[in-house]
file entry.cif (mmCIF, C-alpha atoms)
data_target
loop_
_atom_site.group_PDB
_atom_site.id
_atom_site.type_symbol
_atom_site.label_atom_id
_atom_site.label_comp_id
_atom_site.auth_asym_id
_atom_site.auth_seq_id
_atom_site.Cartn_x
_atom_site.Cartn_y
_atom_site.Cartn_z
ATOM 1 C CA MET A 91 0.000 0.000 0.000
ATOM 2 C CA ILE A 92 2.839 2.415 0.798
ATOM 3 C CA PHE A 93 4.466 1.596 -2.554
ATOM 4 C CA ILE A 94 1.241 2.428 -4.386
ATOM 5 C CA ALA A 95 0.682 5.603 -2.386
ATOM 6 C CA ARG A 96 4.250 6.830 -3.002
ATOM 7 C CA GLY A 97 4.016 5.905 -6.684
ATOM 8 C CA ILE A 98 0.869 7.944 -7.179
ATOM 9 C CA GLN A 99 2.213 10.786 -5.053
ATOM 10 C CA THR A 100 5.293 11.314 -7.260
ATOM 11 C CA ILE A 101 3.858 10.788 -10.721
ATOM 12 C CA VAL A 102 5.569 12.661 -13.553
ATOM 13 C CA LEU A 103 3.610 15.634 -14.908
ATOM 14 C CA SER A 104 2.634 14.256 -18.300
ATOM 15 C CA PRO A 105 -1.130 13.611 -18.233
ATOM 16 C CA GLY A 106 -0.661 10.444 -20.275
ATOM 17 C CA LEU A 107 1.901 9.105 -17.823
ATOM 18 C CA ARG A 108 -0.351 10.009 -14.897
ATOM 19 C CA LEU A 109 -3.211 8.004 -16.392
ATOM 20 C CA ILE A 110 -0.952 5.045 -17.118
ATOM 21 C CA ALA A 111 0.462 5.115 -13.579
ATOM 22 C CA VAL A 112 -3.012 5.320 -12.023
ATOM 23 C CA ALA A 113 -4.252 2.501 -14.256
ATOM 24 C CA LEU A 114 -1.332 0.310 -13.228
ATOM 25 C CA LEU A 115 -1.153 1.179 -9.528
ATOM 26 C CA ALA A 116 -4.836 1.527 -8.682
ATOM 27 C CA TYR A 117 -6.416 -0.915 -11.136
ATOM 28 C CA ALA A 118 -4.124 -3.508 -12.727
ATOM 29 C CA VAL A 119 -2.018 -4.509 -9.718
ATOM 30 C CA PRO A 120 -4.943 -4.828 -7.245
ATOM 31 C CA THR A 121 -7.082 -6.652 -9.836
ATOM 32 C CA LEU A 122 -4.334 -9.172 -10.541
ATOM 33 C CA LEU A 123 -3.832 -9.738 -6.800
ATOM 34 C CA GLU A 124 -7.580 -10.237 -6.332
ATOM 35 C CA PHE A 125 -7.662 -12.614 -9.285
ATOM 36 C CA ALA A 126 -4.887 -14.710 -7.738
ATOM 37 C CA ALA A 127 -6.568 -14.657 -4.318
ATOM 38 C CA SER A 128 -9.995 -15.542 -5.731
ATOM 39 C CA ARG A 129 -8.764 -19.007 -6.651
ATOM 40 C CA ALA A 130 -7.910 -19.862 -3.043
ATOM 41 C CA LEU A 131 -10.194 -17.704 -0.888
ATOM 42 C CA ASN A 132 -13.862 -16.985 -0.425
ATOM 43 C CA PRO A 133 -15.059 -14.328 -2.937
ATOM 44 C CA TRP A 134 -16.032 -12.002 -0.073
ATOM 45 C CA ILE A 135 -12.479 -12.015 1.248
ATOM 46 C CA ALA A 136 -10.662 -12.136 -2.088
ATOM 47 C CA VAL A 137 -12.722 -9.797 -4.260
ATOM 48 C CA ILE A 138 -15.556 -7.868 -2.656
ATOM 49 C CA LEU A 139 -14.027 -6.500 0.566
ATOM 50 C CA PRO A 140 -10.579 -5.546 -0.795
ATOM 51 C CA GLY A 141 -11.977 -4.586 -4.206
ATOM 52 C CA ASP A 142 -11.880 -0.813 -3.950
ATOM 53 C CA VAL A 143 -9.398 -0.375 -1.110
ATOM 54 C CA VAL A 144 -6.425 0.999 -3.058
ATOM 55 C CA GLY A 145 -8.308 3.646 -5.015
ATOM 56 C CA CYS A 146 -10.457 4.752 -2.090
ATOM 57 C CA ALA A 147 -7.476 4.809 0.291
ATOM 58 C CA CYS A 148 -5.558 6.991 -2.153
ATOM 59 C CA LEU A 149 -8.501 9.376 -2.326
ATOM 60 C CA ALA A 150 -8.764 9.441 1.457
ATOM 61 C CA PHE A 151 -5.118 9.739 2.452
ATOM 62 C CA LEU A 152 -3.211 11.209 -0.499
ATOM 63 C CA PHE A 153 -5.774 13.769 -1.560
ATOM 64 C CA GLY A 154 -7.243 14.492 1.874
ATOM 65 C CA LYS A 155 -10.729 13.383 0.820
ATOM 66 C CA LEU A 156 -11.344 11.104 3.785
ATOM 67 C CA ARG A 157 -15.138 11.270 3.725
ATOM 68 C CA ILE A 158 -15.339 10.787 -0.032
ATOM 69 C CA GLY A 159 -12.913 7.850 0.067
ATOM 70 C CA MET A 160 -14.737 6.139 2.926
ATOM 71 C CA ALA A 161 -18.200 6.790 1.507
ATOM 72 C CA LEU A 162 -17.189 5.580 -1.942
ATOM 73 C CA TYR A 163 -15.638 2.410 -0.496
ATOM 74 C CA LEU A 164 -18.707 1.593 1.621
ATOM 75 C CA PHE A 165 -21.123 2.327 -1.218
ATOM 76 C CA LEU A 166 -19.204 0.314 -3.811
ATOM 77 C CA THR A 167 -18.664 -2.610 -1.443
ATOM 78 C CA ALA A 168 -22.397 -2.686 -0.673
ATOM 79 C CA VAL A 169 -23.309 -2.595 -4.376
ATOM 80 C CA GLU A 170 -20.753 -5.270 -5.288
ATOM 81 C CA GLY A 171 -21.868 -7.450 -2.373
ATOM 82 C CA PHE A 172 -25.500 -7.073 -3.408
ATOM 83 C CA LEU A 173 -24.724 -7.981 -7.027
ATOM 84 C CA PHE A 174 -22.784 -11.014 -5.820
ATOM 85 C CA VAL A 175 -25.519 -12.187 -3.441
ATOM 86 C CA ILE A 176 -28.322 -11.961 -5.999
ATOM 87 C CA HIS A 177 -26.090 -13.677 -8.618
ATOM 88 C CA VAL A 178 -26.505 -10.988 -11.260
ATOM 89 C CA ILE A 179 -22.795 -10.920 -12.002
ATOM 90 C CA PRO A 180 -20.480 -13.923 -11.577
ATOM 91 C CA VAL A 181 -17.385 -13.410 -9.421
ATOM 92 C CA GLY A 182 -15.106 -13.761 -12.436
ATOM 93 C CA VAL A 183 -16.785 -10.777 -14.099
ATOM 94 C CA LEU A 184 -17.246 -8.770 -10.892
ATOM 95 C CA LEU A 185 -13.523 -9.095 -10.311
ATOM 96 C CA TRP A 186 -12.757 -6.835 -13.296
ATOM 97 C CA PHE A 187 -15.156 -4.100 -12.157
ATOM 98 C CA THR A 188 -14.317 -3.806 -8.455
ATOM 99 C CA ASP A 189 -11.380 -1.432 -8.878
ATOM 100 C CA LEU A 190 -12.729 0.451 -11.883
ATOM 101 C CA VAL A 191 -14.826 3.199 -10.245
ATOM 102 C CA PRO A 192 -12.175 4.324 -7.717
ATOM 103 C CA THR A 193 -9.578 4.309 -10.500
ATOM 104 C CA VAL A 194 -11.729 6.575 -12.667
ATOM 105 C CA VAL A 195 -12.414 8.939 -9.741
ATOM 106 C CA LEU A 196 -8.737 8.920 -8.768
ATOM 107 C CA SER A 197 -7.734 9.693 -12.361
ATOM 108 C CA GLY A 198 -10.076 12.665 -12.438
ATOM 109 C CA VAL A 199 -8.782 14.027 -9.135
ATOM 110 C CA LEU A 200 -5.175 13.509 -10.173
ATOM 111 C CA LEU A 201 -5.604 15.211 -13.534
ATOM 112 C CA ARG A 202 -7.277 18.207 -11.878
ATOM 113 C CA SER A 203 -4.733 18.576 -9.075
ATOM 114 C CA PRO A 204 -2.524 21.691 -9.221
ATOM 115 C CA VAL A 205 1.081 21.466 -10.312
ATOM 116 C CA ARG A 206 3.596 22.749 -7.737
ATOM 117 C CA ASN A 207 6.885 22.439 -9.622
ATOM 118 C CA THR A 208 8.086 21.680 -13.130
ATOM 119 C CA SER A 209 9.219 18.106 -12.661
ATOM 120 C CA ARG A 210 6.759 16.399 -10.350
ATOM 121 C CA ILE A 211 3.259 16.777 -9.021
ATOM 122 C CA SER A 212 2.696 17.040 -5.307
ATOM 123 C CA VAL A 213 -0.604 15.681 -4.100
ATOM 124 C CA SER A 214 -0.219 16.384 -0.433
#
call {"tool": "encode", "arguments": {"input": "entry.cif", "output": "structure tokens"}}
result
Amino acid sequence: MIFIARGIQTIVLSPGLRLIAVALLAYAVPTLLEFAASRALNPWIAVILPGDVVGCACLAFLFGKLRIGMALYLFLTAVEGFLFVIHVIPVGVLLWFTDLVPTVVLSGVLLRSPVRNTSRISVS
């Protein structure tokens, strides 16, 4: 988690590189970890509960949006849990969507954040 937070906190200024870094750090890495864990653990533990943690934690702690990060995590976890319980979406498909919303929100916040120097962005 610290690696991801530091990676997002020191992203190079190029908007394209910011989006790539957010996609990798907040979506691809957590999704691959959840995919690996889903083969051995209960879907609630492997996919639904940790699903949005990285993106929502980055919103809460890196950008100082604690209420938004917590509310988004609780809302998305409830929706994902509900979809899982009523069997609308199989776990294998739900797995690819769990990190998507926080990643999109995080990308928007990151792209709108002010630039403090010419080489790096500071999101503190």
call {"tool": "atom_distance", "arguments": {"input": "entry.cif", "atom1": "atom CA of A:Val194", "atom2": "atom CA of A:Gly145"}}
result
8.9 Å
call {"tool": "atom_distance", "arguments": {"input": "entry.cif", "atom1": "atom CA of A:Trp134", "atom2": "atom CA of A:Thr188"}}
result
11.8 Å
call {"tool": "resolve_selection", "arguments": {"input": "entry.cif", "expression": "the PyMOL selection byres ((chain A and resi 158-172) around 12)", "output": "short mmCIF file (atom, residue, chain, number, x, y, z; two decimals) with C-alpha atoms, in the coordinates of the input"}}
result
data_model
loop_
_atom_site.label_atom_id
_atom_site.label_comp_id
_atom_site.auth_asym_id
_atom_site.auth_seq_id
_atom_site.Cartn_x
_atom_site.Cartn_y
_atom_site.Cartn_z
CA PRO A 133 -15.06 -14.33 -2.94
CA TRP A 134 -16.03 -12.00 -0.07
CA ILE A 135 -12.48 -12.02 1.25
CA VAL A 137 -12.72 -9.80 -4.26
CA ILE A 138 -15.56 -7.87 -2.66
CA LEU A 139 -14.03 -6.50 0.57
CA PRO A 140 -10.58 -5.55 -0.80
CA GLY A 141 -11.98 -4.59 -4.21
CA ASP A 142 -11.88 -0.81 -3.95
CA VAL A 143 -9.40 -0.38 -1.11
CA VAL A 144 -6.42 1.00 -3.06
CA GLY A 145 -8.31 3.65 -5.01
CA CYS A 146 -10.46 4.75 -2.09
CA ALA A 147 -7.48 4.81 0.29
CA CYS A 148 -5.56 6.99 -2.15
CA LEU A 149 -8.50 9.38 -2.33
CA ALA A 150 -8.76 9.44 1.46
CA PHE A 151 -5.12 9.74 2.45
CA LEU A 152 -3.21 11.21 -0.50
CA PHE A 153 -5.77 13.77 -1.56
CA GLY A 154 -7.24 14.49 1.87
CA LYS A 155 -10.73 13.38 0.82
CA LEU A 156 -11.34 11.10 3.78
CA ARG A 157 -15.14 11.27 3.72
CA LEU A 173 -24.72 -7.98 -7.03
CA PHE A 174 -22.78 -11.01 -5.82
CA VAL A 175 -25.52 -12.19 -3.44
CA ILE A 176 -28.32 -11.96 -6.00
CA HIS A 177 -26.09 -13.68 -8.62
CA VAL A 178 -26.50 -10.99 -11.26
CA ILE A 179 -22.80 -10.92 -12.00
CA PRO A 180 -20.48 -13.92 -11.58
CA VAL A 181 -17.39 -13.41 -9.42
CA VAL A 183 -16.78 -10.78 -14.10
CA LEU A 184 -17.25 -8.77 -10.89
CA LEU A 185 -13.52 -9.10 -10.31
CA TRP A 186 -12.76 -6.84 -13.30
CA PHE A 187 -15.16 -4.10 -12.16
CA THR A 188 -14.32 -3.81 -8.46
CA ASP A 189 -11.38 -1.43 -8.88
CA LEU A 190 -12.73 0.45 -11.88
CA VAL A 191 -14.83 3.20 -10.24
CA PRO A 192 -12.18 4.32 -7.72
CA THR A 193 -9.58 4.31 -10.50
CA VAL A 195 -12.41 8.94 -9.74
CA LEU A 196 -8.74 8.92 -8.77
CA VAL A 199 -8.78 14.03 -9.14
#
call {"tool": "closest_residue", "arguments": {"input": "entry.cif", "among": "A:Ala126, A:Leu200, A:Ala136, A:Leu131", "to": "A:Ala113", "atoms": "all atoms listed in the file"}}
result
A:Leu200
call {"tool": "axis_aligned_box", "arguments": {"input": "entry.cif", "around": "stretch 141-154 of chain A", "padding_each_side": "4 Å", "output": "lines of an AutoDock Vina configuration file"}}
result
center_x = -7.6
center_y = 5.0
center_z = -1.3
size_x = 16.8
size_y = 27.1
size_z = 15.5
call {"tool": "atom_distance", "arguments": {"input": "entry.cif", "atom1": "atom CA of A:Leu201", "atom2": "atom CA of A:Arg108"}}
result
7.5 Å
